[in-house]
Amino acid sequence: MSSKKRRDAPAEKALAARKRIKSSTEVLAQVNKLAAILKGSTAVARTLDGLHLPQTFREVVEKDADAVLDEVEGAIYQAALSILNGEGFTYDIPSRGRANQQYIPELDRIVLKDSKAPRTFASVKTCRSAVITTRILQLIHELCQKRIHVTKRDLFYTDVKLFEEQNNSDNILDDVACMLGCTRSSLHVVASEKGVVVGDLRFREDGDEIDCQRMGVGGKAIPPNVDKVDGIRSNAMFILLVEKDAAFMRLAEDRFYRTYPCIIMTAKGQPDVASRLFLRRLKEVLKIPVLALVDSDPYGLRILSVYMKGSMNMSYDSSNLTTPDIKWLGVRPSDLDRFNIPEQCRLPMTDEDIKTGKKLMEEDFIMANPEWVKELEIMTKTKVKAEIQALSSFGFQYLSEVYLPLKLQEGDWI
């Protein structure tokens with residue numbers, strides 16, 4: 001075969017794939033079946049308490065400002081009482097380390113066990129973190145009294161000399177939320193806006209009506225205060241969860257959601273708390289499938305797992321932050337050959353990539369899904385990865401006009 005014919009072969013196969021796409025109604029037939037199962041389900045969501053497990057676990061709940069004030073004042077009262085008794089003061093902080101976390105198959109998410117570690121002011125090892133904890137409690141008390149919200153960055157700048165780095169204030173903020181038994185958003189501290197959403201979705205944000213079909217190609221920023229969102233309405237058939245901003249912009253500009261009624265959202269990489277809360281809220285209210293589009297590499301799957309199973313750092317709030325049963329639509333390792341992705345668009349995996357992939361296969365939540373294991377085995381065996389943008393080798397609109405319609409038409413998700 002001549003070199004020209006070899007170069008033309010992938011393009012010819014891409015053209016053949018385009019010809020297989022049917023009408024939008026036929027493309028969405030499998031999605032409709034999946035949506036019907038979800039809407040017709042009468043199963044009650046299982047809870048940690050309902051499992052009656054022998055171990056003790058720690059989970060947090062949403063609390064209003066008055067309830068948080070009570071918790072903060074209670075913690076400070078106990079510290080003051082201990083000082084007056086001549087014992088100094090100590091906070092009992094729930095351990096959020098990996099050793100204190102457990103995957104619960106019945107819930108399909110990571111939860112936090114109830115082990116605690118003392119944070120004592122009189123100890124050289126924990127003195128500084130005890131001081132930062134006290135300062136964070138003071139700031140939270142002020143925020144809840146004034147009924148205002150600030151970003152994590154704002155919180156850091158209230159006492160840069162003490163905190164030194166934002167990671168220090170961020171980590172202890174999570175410790176405090178876990179200690180007080182409330183979600184981080186209950187503390188009136190939010191992350192800066194990161195995620196965006198576009199498509200067939202309307203809702204009210206703090207009383208303002210939002211229509212996500214009228215937000216241009218950039219989409220609507222996902223509100224950092226998701227508790228101020230209500231009145232969610234949509235005629236979408238599914239939610240398309242996209243890992244990267246570049247793919248999101250391509251789909252938004254092509255108005256993919258008009259041809260195939262859907263909601264498209266992205267957190268632009270590693271998901272923030274607001275995006276995870278927002279996705280869960282959409283799934284609960286609309287009862288439609290969530291299909292994920294991520295890179296064909298270990299990190300894409302890791303990002304997807306955070307949405308589904310929770311993150312190690314915030315396992316204490318997994319009941320509020322996780323969205324179960326997200327379907328992995330693509331780009332999967334098996335797609336690289338199936339869609340004839342050119343060799344020059346397949347990237348060699350680094351040793352670190354291979355190590356991460358093999359480590360993922362040892363995770364309980366991965367082993368619980370044989371189809372995921374199979375895809376990871378292909379990835380680690382071939383030692384190649386690919387980004388969503390590799391599909392652009394067949395044309396800039398191949399993602400929205402061929403790849404996704406064909407995957408939806410065939411119900412090719414796991």
# chains A, B, ... in the order shown; residues from 1 in each chain; ligands from 1
call {"tool": "residues_around", "arguments": {"residues": "Arg214 in chain A", "least_positions_apart": "6", "cutoff": "10 Å", "atoms": "only C-alpha atoms", "output": "PyMOL selection string"}}
result
chain A and resi 198-202+220
call {"tool": "select_by_dssp", "arguments": {"residues": "range 41-239 of chain A", "states": "helix (DSSP H, G or I)", "output": "JSON, numbers by chain"}}
result
{"A": [48, 49, 50, 51, 65, 66, 67, 68, 69, 70, 71, 72, 73, 74, 75, 76, 77, 78, 79, 80, 81, 82, 83, 84, 98, 99, 100, 127, 128, 129, 130, 131, 132, 133, 134, 135, 136, 137, 138, 139, 140, 141, 142, 143, 144, 145, 146, 152, 153, 154, 155, 156, 157, 160, 161, 162, 163, 166, 167, 168, 169, 170, 171, 172, 173, 174, 175, 176, 177, 178, 179, 180, 184, 185, 186, 187, 226, 227, 228]}
call {"tool": "closest_residue", "arguments": {"among": "A:Asp108, A:Glu363, A:Glu343, A:Asp295", "to": "Val242 in chain A", "atoms": "only C-alpha atoms"}}
result
A:Asp295
call {"tool": "atom_distance", "arguments": {"atom1": "CA of Leu107 in chain A", "atom2": "CA of Glu59 in chain A"}}
result
13.2 Å
call {"tool": "residues_around", "arguments": {"residues": "Ser185 in chain A", "least_positions_apart": "3", "cutoff": "12 Å", "atoms": "only C-alpha atoms", "output": "mmCIF file with N, CA and C atoms, in the first residue's frame"}}
result
data_model
loop_
_atom_site.group_PDB
_atom_site.id
_atom_site.type_symbol
_atom_site.label_atom_id
_atom_site.label_comp_id
_atom_site.auth_asym_id
_atom_site.auth_seq_id
_atom_site.Cartn_x
_atom_site.Cartn_y
_atom_site.Cartn_z
ATOM 1 N N VAL A 60 -21.237 14.289 57.480
ATOM 2 C CA VAL A 60 -21.684 15.626 57.835
ATOM 3 C C VAL A 60 -23.008 15.928 57.152
ATOM 4 N N VAL A 61 -23.680 16.951 57.647
ATOM 5 C CA VAL A 61 -24.963 17.364 57.073
ATOM 6 C C VAL A 61 -24.951 18.867 56.841
ATOM 7 N N GLU A 62 -25.852 19.319 56.001
ATOM 8 C CA GLU A 62 -26.014 20.757 55.764
ATOM 9 C C GLU A 62 -26.626 21.389 57.010
ATOM 10 N N LYS A 63 -26.052 22.482 57.470
ATOM 11 C CA LYS A 63 -26.575 23.181 58.651
ATOM 12 C C LYS A 63 -26.733 24.662 58.337
ATOM 13 N N ASP A 64 -27.772 25.294 58.944
ATOM 14 C CA ASP A 64 -27.952 26.724 58.731
ATOM 15 C C ASP A 64 -26.995 27.512 59.625
ATOM 16 N N ALA A 65 -26.979 28.827 59.441
ATOM 17 C CA ALA A 65 -26.027 29.676 60.147
ATOM 18 C C ALA A 65 -26.173 29.573 61.660
ATOM 19 N N VAL A 68 -24.607 26.352 62.926
ATOM 20 C CA VAL A 68 -23.142 26.421 62.893
ATOM 21 C C VAL A 68 -22.636 27.283 64.043
ATOM 22 N N ILE A 140 -15.267 31.919 61.063
ATOM 23 C CA ILE A 140 -16.544 31.293 60.695
ATOM 24 C C ILE A 140 -17.675 31.875 61.540
ATOM 25 N N LEU A 143 -18.616 35.190 60.061
ATOM 26 C CA LEU A 143 -19.349 35.046 58.801
ATOM 27 C C LEU A 143 -20.797 34.636 59.034
ATOM 28 N N CYS A 144 -20.997 33.684 59.931
ATOM 29 C CA CYS A 144 -22.348 33.198 60.200
ATOM 30 C C CYS A 144 -23.194 34.260 60.912
ATOM 31 N N ILE A 148 -22.890 36.355 55.662
ATOM 32 C CA ILE A 148 -22.219 36.631 54.396
ATOM 33 C C ILE A 148 -21.317 35.460 54.033
ATOM 34 N N HIS A 149 -20.972 35.377 52.737
ATOM 35 C CA HIS A 149 -20.085 34.332 52.243
ATOM 36 C C HIS A 149 -18.782 34.953 51.746
ATOM 37 N N VAL A 150 -17.692 34.242 51.903
ATOM 38 C CA VAL A 150 -16.398 34.660 51.340
ATOM 39 C C VAL A 150 -15.767 33.470 50.644
ATOM 40 N N THR A 151 -14.776 33.750 49.797
ATOM 41 C CA THR A 151 -14.051 32.668 49.138
ATOM 42 C C THR A 151 -12.939 32.162 50.061
ATOM 43 N N LYS A 152 -12.394 31.006 49.725
ATOM 44 C CA LYS A 152 -11.269 30.474 50.497
ATOM 45 C C LYS A 152 -10.068 31.414 50.418
ATOM 46 N N LEU A 173 -9.759 24.334 57.327
ATOM 47 C CA LEU A 173 -11.182 24.607 57.097
ATOM 48 C C LEU A 173 -11.949 23.294 56.948
ATOM 49 N N ASP A 174 -11.380 22.333 56.198
ATOM 50 C CA ASP A 174 -12.011 21.020 56.057
ATOM 51 C C ASP A 174 -12.034 20.278 57.394
ATOM 52 N N VAL A 176 -12.248 21.644 60.334
ATOM 53 C CA VAL A 176 -13.274 22.286 61.154
ATOM 54 C C VAL A 176 -14.671 21.842 60.730
ATOM 55 N N ALA A 177 -14.914 21.780 59.419
ATOM 56 C CA ALA A 177 -16.209 21.313 58.925
ATOM 57 C C ALA A 177 -16.493 19.908 59.434
ATOM 58 N N CYS A 178 -15.481 19.055 59.354
ATOM 59 C CA CYS A 178 -15.628 17.669 59.804
ATOM 60 C C CYS A 178 -15.851 17.610 61.317
ATOM 61 N N GLY A 181 -19.320 18.743 62.164
ATOM 62 C CA GLY A 181 -20.362 17.873 61.615
ATOM 63 C C GLY A 181 -21.219 18.520 60.555
ATOM 64 N N CYS A 182 -20.646 19.501 59.831
ATOM 65 C CA CYS A 182 -21.428 20.189 58.787
ATOM 66 C C CYS A 182 -20.652 20.215 57.475
ATOM 67 N N HIS A 188 -20.074 29.015 55.254
ATOM 68 C CA HIS A 188 -20.130 30.288 54.528
ATOM 69 C C HIS A 188 -18.802 30.628 53.851
ATOM 70 N N VAL A 189 -18.015 29.589 53.561
ATOM 71 C CA VAL A 189 -16.770 29.759 52.813
ATOM 72 C C VAL A 189 -16.879 28.926 51.540
ATOM 73 N N VAL A 190 -16.673 29.559 50.389
ATOM 74 C CA VAL A 190 -16.844 28.873 49.106
ATOM 75 C C VAL A 190 -15.578 29.015 48.277
ATOM 76 N N ALA A 191 -15.441 28.151 47.278
ATOM 77 C CA ALA A 191 -14.329 28.269 46.327
ATOM 78 C C ALA A 191 -14.712 29.271 45.244
ATOM 79 N N PRO A 223 -22.749 28.458 40.113
ATOM 80 C CA PRO A 223 -22.706 29.312 41.307
ATOM 81 C C PRO A 223 -21.910 28.664 42.437
ATOM 82 N N PRO A 224 -21.050 29.439 43.116
ATOM 83 C CA PRO A 224 -20.316 28.883 44.251
ATOM 84 C C PRO A 224 -21.239 28.555 45.424
ATOM 85 N N ASN A 225 -22.372 29.284 45.508
ATOM 86 C CA ASN A 225 -23.361 29.018 46.559
ATOM 87 C C ASN A 225 -24.518 28.225 45.952
ATOM 88 N N VAL A 226 -24.326 26.931 45.815
ATOM 89 C CA VAL A 226 -25.338 26.090 45.164
ATOM 90 C C VAL A 226 -26.634 26.053 45.979
ATOM 91 N N ASP A 227 -26.543 26.352 47.279
ATOM 92 C CA ASP A 227 -27.749 26.356 48.106
ATOM 93 C C ASP A 227 -28.699 27.480 47.718
ATOM 94 N N LYS A 228 -28.231 28.446 46.906
ATOM 95 C CA LYS A 228 -29.091 29.540 46.459
ATOM 96 C C LYS A 228 -29.745 29.251 45.120
ATOM 97 N N VAL A 273 -15.833 21.768 44.563
ATOM 98 C CA VAL A 273 -16.988 21.376 45.377
ATOM 99 C C VAL A 273 -18.291 21.849 44.750
ATOM 100 N N ALA A 274 -18.333 23.093 44.269
ATOM 101 C CA ALA A 274 -19.564 23.636 43.698
ATOM 102 C C ALA A 274 -20.035 22.821 42.492
ATOM 103 N N LEU A 277 -21.453 19.505 43.755
ATOM 104 C CA LEU A 277 -22.777 19.721 44.367
ATOM 105 C C LEU A 277 -23.831 19.976 43.299
ATOM 106 N N ASP A 317 -17.692 14.220 53.443
ATOM 107 C CA ASP A 317 -18.897 14.812 52.848
ATOM 108 C C ASP A 317 -19.313 14.077 51.579
ATOM 109 N N ASN A 320 -22.986 14.041 50.187
ATOM 110 C CA ASN A 320 -23.528 15.231 49.531
ATOM 111 C C ASN A 320 -22.831 15.551 48.216
ATOM 112 N N LEU A 321 -21.604 15.065 48.043
ATOM 113 C CA LEU A 321 -20.797 15.486 46.897
ATOM 114 C C LEU A 321 -20.730 14.476 45.764
#
call {"tool": "atom_distance", "arguments": {"atom1": "CA of Thr323 in chain A", "atom2": "CA of Ile263 in chain A"}}
result
15.4 Å
call {"tool": "atom_distance", "arguments": {"atom1": "CA of Tyr299 in chain A", "atom2": "CA of Gly195 in chain A"}}
result
18.0 Å
call {"tool": "closest_residue", "arguments": {"among": "A:Arg18, A:Arg58, A:Arg128, A:Lys385", "to": "Lys116 in chain A", "atoms": "only C-alpha atoms"}}
result
A:Arg58
call {"tool": "closest_residue", "arguments": {"among": "A:Met249, A:Leu137, A:Ala99, A:Met349", "to": "Glu71 in chain A", "atoms": "only C-alpha atoms"}}
result
A:Leu137
call {"tool": "residues_around", "arguments": {"residues": "Tyr260 in chain A", "least_positions_apart": "5", "cutoff": "8 Å", "atoms": "only C-alpha atoms", "output": "list in words"}}
result
Ser24, Leu28 and Met237 of chain A
call {"tool": "residues_around", "arguments": {"residues": "range 367-375 of chain A", "least_positions_apart": "2", "cutoff": "9 Å", "atoms": "only C-alpha atoms", "output": "count of residues only"}}
result
17
call {"tool": "closest_residue", "arguments": {"among": "A:Ala29, A:Ile110, A:Ala267, A:Val160", "to": "Ile222 in chain A", "atoms": "only C-alpha atoms"}}
result
A:Ala267
call {"tool": "residues_around", "arguments": {"residues": "Glu352 in chain A", "least_positions_apart": "4", "cutoff": "12 Å", "atoms": "only C-alpha atoms", "output": "list in words"}}
result
Asp297, Pro298, Tyr299, Pro348, Thr356, Gly357, Lys358, Lys359, Thr380 and Lys383 of chain A
call {"tool": "write_last_selection", "arguments": {"atoms": "all heavy atoms", "output": "mmCIF file, in the first residue's frame"}}
result
data_model
loop_
_atom_site.group_PDB
_atom_site.id
_atom_site.type_symbol
_atom_site.label_atom_id
_atom_site.label_comp_id
_atom_site.auth_asym_id
_atom_site.auth_seq_id
_atom_site.Cartn_x
_atom_site.Cartn_y
_atom_site.Cartn_z
ATOM 1 N N ASP A 297 -6.809 8.573 29.667
ATOM 2 C CA ASP A 297 -5.590 8.419 30.461
ATOM 3 C C ASP A 297 -5.987 8.210 31.923
ATOM 4 O O ASP A 297 -7.156 8.395 32.285
ATOM 5 C CB ASP A 297 -4.647 9.610 30.285
ATOM 6 C CG ASP A 297 -5.242 10.934 30.774
ATOM 7 O OD1 ASP A 297 -6.147 10.916 31.626
ATOM 8 O OD2 ASP A 297 -4.786 11.988 30.306
ATOM 9 N N PRO A 298 -5.065 7.792 32.779
ATOM 10 C CA PRO A 298 -5.427 7.501 34.176
ATOM 11 C C PRO A 298 -6.013 8.699 34.905
ATOM 12 O O PRO A 298 -6.859 8.549 35.785
ATOM 13 C CB PRO A 298 -4.091 7.078 34.801
ATOM 14 C CG PRO A 298 -3.270 6.575 33.661
ATOM 15 C CD PRO A 298 -3.655 7.433 32.505
ATOM 16 N N TYR A 299 -5.595 9.905 34.526
ATOM 17 C CA TYR A 299 -6.056 11.093 35.237
ATOM 18 C C TYR A 299 -7.493 11.448 34.861
ATOM 19 O O TYR A 299 -8.244 11.978 35.680
ATOM 20 C CB TYR A 299 -5.090 12.250 34.973
ATOM 21 C CG TYR A 299 -3.668 11.859 35.310
ATOM 22 C CD1 TYR A 299 -2.753 11.535 34.313
ATOM 23 C CD2 TYR A 299 -3.250 11.730 36.635
ATOM 24 C CE1 TYR A 299 -1.466 11.126 34.607
ATOM 25 C CE2 TYR A 299 -1.959 11.314 36.949
ATOM 26 C CZ TYR A 299 -1.077 11.010 35.935
ATOM 27 O OH TYR A 299 0.194 10.593 36.241
ATOM 28 N N PRO A 348 2.626 8.366 24.131
ATOM 29 C CA PRO A 348 3.191 7.300 24.982
ATOM 30 C C PRO A 348 2.980 7.634 26.454
ATOM 31 O O PRO A 348 3.169 8.778 26.877
ATOM 32 C CB PRO A 348 4.671 7.293 24.611
ATOM 33 C CG PRO A 348 4.943 8.664 24.070
ATOM 34 C CD PRO A 348 3.673 9.107 23.399
ATOM 35 N N THR A 356 0.240 5.079 37.867
ATOM 36 C CA THR A 356 -1.084 5.566 38.294
ATOM 37 C C THR A 356 -2.189 4.649 37.795
ATOM 38 O O THR A 356 -3.145 4.351 38.513
ATOM 39 C CB THR A 356 -1.318 7.000 37.778
ATOM 40 O OG1 THR A 356 -0.284 7.851 38.266
ATOM 41 C CG2 THR A 356 -2.667 7.529 38.236
ATOM 42 N N GLY A 357 -2.061 4.185 36.534
ATOM 43 C CA GLY A 357 -3.067 3.286 35.974
ATOM 44 C C GLY A 357 -3.154 1.975 36.734
ATOM 45 O O GLY A 357 -4.242 1.485 37.032
ATOM 46 N N LYS A 358 -1.987 1.403 37.056
ATOM 47 C CA LYS A 358 -1.971 0.140 37.802
ATOM 48 C C LYS A 358 -2.498 0.333 39.223
ATOM 49 O O LYS A 358 -3.165 -0.549 39.784
ATOM 50 C CB LYS A 358 -0.555 -0.433 37.827
ATOM 51 C CG LYS A 358 -0.101 -0.950 36.455
ATOM 52 C CD LYS A 358 1.308 -1.520 36.508
ATOM 53 C CE LYS A 358 1.711 -2.086 35.142
ATOM 54 N NZ LYS A 358 3.097 -2.613 35.163
ATOM 55 N N LYS A 359 -2.196 1.495 39.794
ATOM 56 C CA LYS A 359 -2.687 1.794 41.146
ATOM 57 C C LYS A 359 -4.208 1.928 41.145
ATOM 58 O O LYS A 359 -4.883 1.488 42.079
ATOM 59 C CB LYS A 359 -2.038 3.092 41.642
ATOM 60 C CG LYS A 359 -2.239 3.357 43.122
ATOM 61 C CD LYS A 359 -1.439 4.570 43.563
ATOM 62 C CE LYS A 359 -1.670 4.846 45.048
ATOM 63 N NZ LYS A 359 -0.910 6.035 45.500
ATOM 64 N N THR A 380 -2.869 0.114 30.096
ATOM 65 C CA THR A 380 -1.548 -0.205 30.658
ATOM 66 C C THR A 380 -0.783 -1.202 29.790
ATOM 67 O O THR A 380 0.452 -1.229 29.807
ATOM 68 C CB THR A 380 -1.682 -0.753 32.086
ATOM 69 O OG1 THR A 380 -2.584 -1.877 32.101
ATOM 70 C CG2 THR A 380 -2.207 0.315 33.031
ATOM 71 N N LYS A 383 0.219 0.924 26.654
ATOM 72 C CA LYS A 383 1.066 2.038 27.116
ATOM 73 C C LYS A 383 0.901 3.282 26.262
ATOM 74 O O LYS A 383 1.862 4.029 25.998
ATOM 75 C CB LYS A 383 2.542 1.613 27.157
ATOM 76 C CG LYS A 383 2.818 0.487 28.134
ATOM 77 C CD LYS A 383 4.294 0.136 28.196
ATOM 78 C CE LYS A 383 4.539 -1.012 29.193
ATOM 79 N NZ LYS A 383 5.970 -1.369 29.288
#
call {"tool": "residues_around", "arguments": {"residues": "Val111 in chain A", "least_positions_apart": "6", "cutoff": "9 Å", "atoms": "only C-alpha atoms", "output": "list of chain:residue names"}}
result
A:Leu48, A:Phe57, A:Arg58, A:Glu59, A:Asn100, A:Gln101, A:Gln102, A:Tyr103, A:Ile104, A:Gly310, A:Met312, A:Met314, A:Ser315, A:Tyr316, A:Asp317, A:Ser318, A:Ser319
call {"tool": "closest_residue", "arguments": {"among": "A:Ser169, A:Asn340, A:Gln270, A:Thr133", "to": "Ser311 in chain A", "atoms": "only C-alpha atoms"}}
result
A:Gln270
call {"tool": "select_by_dssp", "arguments": {"residues": "range 146-375 of chain A", "states": "strand (DSSP E or B)", "output": "number ranges by chain"}}
result
A: 150-151, 182, 189-190, 196-199, 202-205, 208-211, 220-221, 229-233, 238-242, 262-266, 290-293, 296, 327-330, 347-348
call {"tool": "write_last_selection", "arguments": {"atoms": "N, CA and C atoms", "output": "compact mmCIF listing (two decimals), in the first residue's frame"}}
result
# COMPACT_ATOMS: atom_id res chain seq x y z
N VAL A 150 -17.69 34.24 51.90
CA VAL A 150 -16.40 34.66 51.34
C VAL A 150 -15.77 33.47 50.64
N THR A 151 -14.78 33.75 49.80
CA THR A 151 -14.05 32.67 49.14
C THR A 151 -12.94 32.16 50.06
N CYS A 182 -20.65 19.50 59.83
CA CYS A 182 -21.43 20.19 58.79
C CYS A 182 -20.65 20.21 57.48
N VAL A 189 -18.02 29.59 53.56
CA VAL A 189 -16.77 29.76 52.81
C VAL A 189 -16.88 28.93 51.54
N VAL A 190 -16.67 29.56 50.39
CA VAL A 190 -16.84 28.87 49.11
C VAL A 190 -15.58 29.01 48.28
N VAL A 196 -18.54 25.52 34.59
CA VAL A 196 -19.51 26.21 33.73
C VAL A 196 -20.51 25.20 33.19
N VAL A 197 -21.69 25.72 32.82
CA VAL A 197 -22.76 24.87 32.30
C VAL A 197 -23.46 25.59 31.15
N VAL A 198 -23.91 24.81 30.16
CA VAL A 198 -24.64 25.36 29.03
C VAL A 198 -25.64 24.32 28.56
N GLY A 199 -26.69 24.75 27.86
CA GLY A 199 -27.64 23.79 27.32
C GLY A 199 -29.05 24.00 27.80
N ARG A 202 -32.78 25.65 32.92
CA ARG A 202 -33.23 26.92 33.48
C ARG A 202 -33.33 26.75 35.00
N PHE A 203 -32.95 27.79 35.74
CA PHE A 203 -33.07 27.76 37.19
C PHE A 203 -33.04 29.18 37.74
N ARG A 204 -33.36 29.29 39.01
CA ARG A 204 -33.26 30.58 39.70
C ARG A 204 -32.03 30.57 40.59
N GLU A 205 -31.27 31.66 40.53
CA GLU A 205 -30.10 31.82 41.38
C GLU A 205 -30.29 33.06 42.25
N ASP A 208 -32.80 35.36 40.78
CA ASP A 208 -32.63 35.75 39.37
C ASP A 208 -32.85 34.55 38.47
N GLU A 209 -33.64 34.74 37.39
CA GLU A 209 -33.92 33.67 36.44
C GLU A 209 -32.75 33.49 35.48
N ILE A 210 -32.28 32.25 35.35
CA ILE A 210 -31.14 31.93 34.49
C ILE A 210 -31.58 30.95 33.41
N ASP A 211 -31.23 31.25 32.14
CA ASP A 211 -31.48 30.35 31.02
C ASP A 211 -30.13 30.01 30.39
N LYS A 220 -22.70 29.41 31.45
CA LYS A 220 -23.00 30.08 32.72
C LYS A 220 -22.09 29.51 33.80
N ALA A 221 -21.44 30.37 34.56
CA ALA A 221 -20.61 29.91 35.65
C ALA A 221 -21.47 29.21 36.70
N VAL A 229 -29.55 28.03 44.61
CA VAL A 229 -30.15 27.62 43.33
C VAL A 229 -31.44 26.85 43.60
N ASP A 230 -32.52 27.24 42.91
CA ASP A 230 -33.77 26.49 43.01
C ASP A 230 -34.53 26.62 41.69
N GLY A 231 -35.71 26.04 41.62
CA GLY A 231 -36.52 26.12 40.40
C GLY A 231 -35.86 25.52 39.18
N ILE A 232 -35.16 24.40 39.36
CA ILE A 232 -34.45 23.76 38.23
C ILE A 232 -35.45 23.13 37.27
N ARG A 233 -35.35 23.50 35.97
CA ARG A 233 -36.24 22.96 34.93
C ARG A 233 -35.43 22.63 33.69
N PHE A 238 -30.23 14.07 28.78
CA PHE A 238 -29.09 13.59 29.55
C PHE A 238 -28.19 14.76 29.90
N ILE A 239 -27.28 14.52 30.82
CA ILE A 239 -26.25 15.50 31.19
C ILE A 239 -24.93 14.98 30.65
N LEU A 240 -24.23 15.81 29.91
CA LEU A 240 -22.92 15.44 29.38
C LEU A 240 -21.85 16.12 30.23
N LEU A 241 -21.13 15.33 30.99
CA LEU A 241 -20.09 15.82 31.88
C LEU A 241 -18.76 15.75 31.14
N VAL A 242 -18.14 16.92 30.92
CA VAL A 242 -16.93 17.01 30.10
C VAL A 242 -15.75 17.38 30.97
N CYS A 262 -29.62 18.28 25.71
CA CYS A 262 -28.82 17.88 26.86
C CYS A 262 -28.33 19.09 27.62
N ILE A 263 -27.72 18.82 28.75
CA ILE A 263 -27.03 19.83 29.56
C ILE A 263 -25.55 19.48 29.51
N ILE A 264 -24.70 20.44 29.19
CA ILE A 264 -23.27 20.19 29.12
C ILE A 264 -22.59 20.97 30.24
N MET A 265 -21.78 20.31 31.03
CA MET A 265 -21.06 21.01 32.09
C MET A 265 -19.63 20.51 32.22
N THR A 266 -18.77 21.38 32.71
CA THR A 266 -17.38 21.03 32.95
C THR A 266 -16.86 21.77 34.17
N VAL A 290 -26.32 10.69 33.49
CA VAL A 290 -25.10 11.51 33.37
C VAL A 290 -24.08 10.69 32.60
N LEU A 291 -23.62 11.23 31.47
CA LEU A 291 -22.63 10.56 30.63
C LEU A 291 -21.35 11.38 30.66
N ALA A 292 -20.21 10.73 30.84
CA ALA A 292 -18.95 11.44 31.03
C ALA A 292 -18.03 11.32 29.82
N LEU A 293 -17.40 12.44 29.47
CA LEU A 293 -16.42 12.50 28.39
C LEU A 293 -15.11 13.00 28.98
N SER A 296 -8.54 9.79 27.58
CA SER A 296 -8.20 8.37 27.72
C SER A 296 -6.84 8.25 28.39
N LYS A 327 -22.17 7.24 33.71
CA LYS A 327 -21.74 6.32 32.65
C LYS A 327 -20.50 6.88 31.94
N TRP A 328 -19.49 6.04 31.78
CA TRP A 328 -18.27 6.44 31.09
C TRP A 328 -18.50 6.28 29.59
N LEU A 329 -18.74 7.39 28.92
CA LEU A 329 -19.05 7.39 27.49
C LEU A 329 -17.76 7.34 26.66
N GLY A 330 -16.79 8.13 27.02
CA GLY A 330 -15.54 8.16 26.29
C GLY A 330 -14.63 9.23 26.90
N LEU A 347 -0.40 9.28 22.50
CA LEU A 347 0.79 9.69 23.24
C LEU A 347 1.33 8.53 24.08
N PRO A 348 2.63 8.37 24.13
CA PRO A 348 3.19 7.30 24.98
C PRO A 348 2.98 7.63 26.45
